[in-house]
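Content type mmCIF, C-alpha atoms, from the file query19.cif:
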data_structure
loop_
_atom_site.label_atom_id
_atom_site.label_comp_id
_atom_site.auth_asym_id
_atom_site.auth_seq_id
_atom_site.Cartn_x
_atom_site.Cartn_y
_atom_site.Cartn_z
CA MET A 1 117.20 145.84 77.03
CA ASN A 2 114.36 147.39 79.00
CA ALA A 3 111.45 144.97 79.41
CA ARG A 4 108.05 146.58 79.65
CA THR A 5 105.51 145.15 82.08
CA GLY A 6 101.78 145.58 82.31
CA THR A 7 99.20 144.71 84.91
CA ARG A 8 95.57 144.23 83.99
CA VAL A 9 92.44 143.25 85.90
CA SER A 10 89.63 142.02 83.66
CA ALA A 11 86.07 140.74 84.01
CA TYR A 12 84.91 137.91 81.74
CA ALA A 13 81.50 136.43 80.97
CA ILE A 14 80.71 132.73 80.95
CA ALA A 15 77.44 132.79 79.02
CA VAL A 16 75.76 129.46 78.26
CA GLN A 17 72.54 129.26 76.28
CA ASP A 18 70.98 126.15 74.71
CA ASP A 19 74.21 124.15 75.24
CA GLN A 20 76.26 126.84 73.52
CA LEU A 21 79.03 129.06 74.93
CA LEU A 22 79.43 132.67 73.85
CA LEU A 23 82.96 133.28 72.57
CA ALA A 24 84.79 136.22 71.01
CA ARG A 25 87.67 135.89 68.52
CA LEU A 26 90.59 138.16 69.37
CA SER A 27 91.77 140.72 66.81
CA ASP A 28 95.23 142.17 66.21
CA ALA A 29 94.36 144.85 68.80
CA SER A 30 94.29 142.27 71.61
CA PRO A 31 96.69 143.57 74.28
CA VAL A 32 97.37 140.34 76.20
CA PHE A 33 96.43 137.15 74.33
CA MET A 34 97.27 136.26 70.71
CA PRO A 35 94.95 137.32 67.86
CA GLY A 36 92.83 134.55 66.36
CA LEU A 37 92.26 132.76 69.65
CA TRP A 38 88.71 132.33 70.89
CA HIS A 39 88.28 134.13 74.19
CA LEU A 40 85.51 135.00 76.62
CA PRO A 41 83.69 138.28 76.07
CA GLY A 42 84.80 140.86 78.58
CA GLY A 43 87.91 142.84 79.23
CA GLY A 44 89.81 145.37 81.24
CA ILE A 45 88.32 147.18 84.20
CA ASP A 46 88.99 150.93 83.94
CA PRO A 47 90.31 152.80 87.02
CA GLY A 48 87.42 153.44 89.42
CA GLU A 49 85.03 151.21 87.42
CA GLN A 50 83.17 148.45 89.22
CA PRO A 51 83.81 144.94 87.80
CA VAL A 52 80.19 144.21 86.82
CA ALA A 53 79.88 147.65 85.20
CA ALA A 54 83.04 146.90 83.20
CA LEU A 55 81.66 143.50 82.24
CA SER A 56 78.39 145.07 81.07
CA ARG A 57 80.27 147.68 79.00
CA GLU A 58 82.60 145.11 77.47
CA LEU A 59 79.73 142.75 76.62
CA MET A 60 77.93 145.56 74.79
CA GLU A 61 81.11 146.48 72.86
CA GLU A 62 82.09 142.93 71.97
CA THR A 63 78.71 141.23 71.48
CA GLY A 64 76.02 143.91 71.38
CA LEU A 65 74.17 141.93 74.08
CA GLU A 66 72.92 143.45 77.31
CA LEU A 67 73.92 141.99 80.66
CA ILE A 68 70.91 141.00 82.79
CA GLU A 69 72.58 139.23 85.71
CA ALA A 70 76.11 138.29 86.81
CA HIS A 71 77.46 135.99 89.55
CA LEU A 72 81.16 135.89 90.41
CA LEU A 73 82.47 132.34 90.03
CA ASP A 74 86.22 132.49 90.30
CA ALA A 75 89.39 134.53 89.82
CA ARG A 76 92.58 133.37 88.11
CA THR A 77 95.94 134.90 87.23
CA TYR A 78 97.88 134.60 83.99
CA SER A 79 101.24 135.65 82.64
CA ALA A 80 101.58 136.43 78.96
CA ARG A 81 103.95 138.23 76.64
CA ARG A 82 102.65 140.22 73.68
CA ASN A 83 104.16 143.04 71.61
CA GLY A 84 107.18 143.31 73.90
CA VAL A 85 105.09 143.61 77.06
CA SER A 86 105.16 141.05 79.88
CA TRP A 87 101.61 140.97 81.22
CA SER A 88 100.30 139.98 84.62
CA LEU A 89 96.55 139.47 84.20
CA THR A 90 94.00 138.90 86.95
CA ALA A 91 90.76 137.56 85.48
CA LEU A 92 87.39 137.63 87.26
CA PHE A 93 84.98 135.04 85.86
CA TYR A 94 81.23 135.67 86.02
CA ALA A 95 78.34 133.36 85.17
CA VAL A 96 76.01 135.65 83.25
CA ALA A 97 72.50 135.89 81.88
CA LEU A 98 72.17 138.01 78.75
CA GLU A 99 69.35 139.45 76.71
CA GLU A 100 68.39 137.22 73.80
CA GLY A 101 69.79 137.95 70.40
CA GLU A 102 72.57 137.29 67.96
CA PRO A 103 75.97 138.62 69.01
CA THR A 104 77.34 141.52 66.96
CA VAL A 105 80.65 143.29 67.59
CA THR A 106 79.82 146.99 68.03
CA GLU A 107 83.24 148.38 68.98
CA VAL A 108 85.32 149.64 66.05
CA ASP A 109 89.03 148.71 66.08
CA GLY A 110 88.67 146.89 69.40
CA SER A 111 90.21 143.65 70.59
CA THR A 112 87.33 141.51 69.24
CA GLU A 113 86.79 140.70 65.57
CA ALA A 114 83.88 138.25 65.93
CA ALA A 115 81.44 136.98 68.55
CA VAL A 116 79.48 133.73 68.19
CA TRP A 117 77.57 131.10 70.12
CA VAL A 118 79.61 127.87 69.85
CA PRO A 119 77.99 124.49 70.58
CA LEU A 120 79.63 122.92 73.63
CA ALA A 121 79.85 119.64 71.70
CA ASP A 122 82.25 121.39 69.27
CA MET A 123 84.61 122.53 72.04
CA ARG A 124 86.85 119.46 72.20
CA ASP A 125 89.95 121.18 70.75
CA ASP A 126 91.14 123.78 73.25
CA THR A 127 94.22 124.75 71.23
CA MET A 128 92.25 127.60 69.67
CA LEU A 129 91.11 128.91 73.09
CA SER A 130 92.82 131.58 75.14
CA PRO A 131 94.06 130.34 78.53
CA ALA A 132 91.12 132.10 80.21
CA ALA A 133 88.57 130.50 77.85
CA ALA A 134 90.15 127.08 78.44
CA ASP A 135 89.78 127.60 82.19
CA ALA A 136 86.17 128.69 81.70
CA MET A 137 85.40 125.34 80.08
CA ARG A 138 86.24 123.74 83.44
CA MET A 139 83.86 126.16 85.19
CA LEU A 140 80.79 125.41 83.05
CA ASP A 141 79.04 123.20 85.59
CA ARG A 142 79.43 125.87 88.27
CA ALA A 143 78.23 128.55 85.83
CA LYS A 144 75.07 126.60 85.04
CA ALA A 145 74.50 125.85 88.76
CA ALA A 146 74.78 129.55 89.67
CA PHE A 147 71.50 130.23 87.90
CA THR A 148 69.77 126.96 88.72
CA ALA A 149 70.24 127.59 92.46
CA ILE A 150 68.49 130.97 92.43
CA ARG A 151 65.58 130.08 90.16
#
Show this structure as structure tokens.
Amino acid sequence: MNARTGTRVSAYAIAVQDDQLLLARLSDASPVFMPGLWHLPGGGIDPGEQPVAALSRELMEETGLELIEAHLLDARTYSARRNGVSWSLTALFYAVALEEGEPTVTEVDGSTEAAVWVPLADMRDDTMLSPAAADAMRMLDRAKAAFTAIR
């Protein structure tokens, strides 16, 4: 049996507004993590694309919201298996400021089926979060501090 492998580098947004975190629910088209999980908006960086440019593009596709500012917080690696592919994912986490508005998925047939602001108080059960979103919950204080320090 020939195992397929994939490598992916992705940029993800940690967006906090009024004690809410912006999350995206993964669709069946999700290449790495299981559909139905809540994940951070963002995604794969195309060859030759700068990480913040990829993040801006992905945010527009998955939430319809424009990126105003981004600060790199951390990078993590993950291993996952989906659709017969063993994935090695490197995730770049950015604290972001976004334009105001309600999130709306604009990409057709993409990896996101919904995008919503979720109250942080409702985030106690991390079983419905992707591994990257669960890690982001532990980065929230640093994400908030990234913008407090420069203002």
As JSON, please: the centre and edge lengths in Å, to one decimal, of an axis-aligned box enclosing every listed atom of stretch 102-115 of chain A with 4 Å added on each side.
{"center_x": 81.4, "center_y": 143.3, "center_z": 68.1, "size_x": 25.6, "size_y": 20.7, "size_z": 13.0}
Expressed in Å, the length from atom CA of A:Pro51 to atom CA of A:Ala91 is 10.4 Å
From the set A:Val32, A:Arg25, A:Met139, A:Ala134, which residue has the shortest atom-to-atom contact distance to A:Phe93, counting all atoms listed in the file?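 The answer is A:Met139, which sits nearest to A:Phe93.
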Give me the residues within 10 Å of A:Ala3 as number ranges by chain, counting all atoms listed in the file and dropping any in the same chain fewer than 6 places off. A: 84-86
What does the PyMOL selection byres ((chain A and resi 44) around 7) select in this file, as a list in words?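 Applied to this file, the PyMOL selection byres ((chain A and resi 44) around 7) selects Arg8, Val9, Ser10, Ala11, Gly43, Ile45 and Asp46 of chain A.
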Rounded to one decimal in Å, what is the spacing between atom CA of A:Arg57 and atom CA of A:Met123? 26.5 Å
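Residues lying within 8 Å of A:Thr7, counting only C-alpha atoms and ignoring same-chain neighbours fewer than 3 positions away, are Trp87, Ser88 and Leu89 of chain A.
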Picked residues, the PyMOL selection byres ((chain A and resi 73-78) around 9), as a list of chain:residue names: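 In the shown coordinates, the PyMOL selection byres ((chain A and resi 73-78) around 9) covers A:His71, A:Leu72, A:Ser79, A:Ala80, A:Trp87, A:Ser88, A:Leu89, A:Thr90, A:Ala91, A:Leu92, A:Phe93, A:Tyr94, A:Ala95, A:Pro131, A:Ala132, A:Asp135, A:Met139, A:Arg142, A:Ala143, A:Ala146.
What separates atom CA of A:Asp19 from atom CA of A:Leu37 is a distance of 20.8 Å.
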Shell around A:Tyr12 at 6 Å using only C-alpha atoms, local window under 2 positions removed, as an MDAnalysis selection string: chainID A and resid 40:42 93
May I have the residues within 9 Å of stretch 99-101 of chain A as a VMD selection string, using all atoms listed in the file and disregarding those fewer than 4 positions away in the same chain? chain A and resid 64 to 68
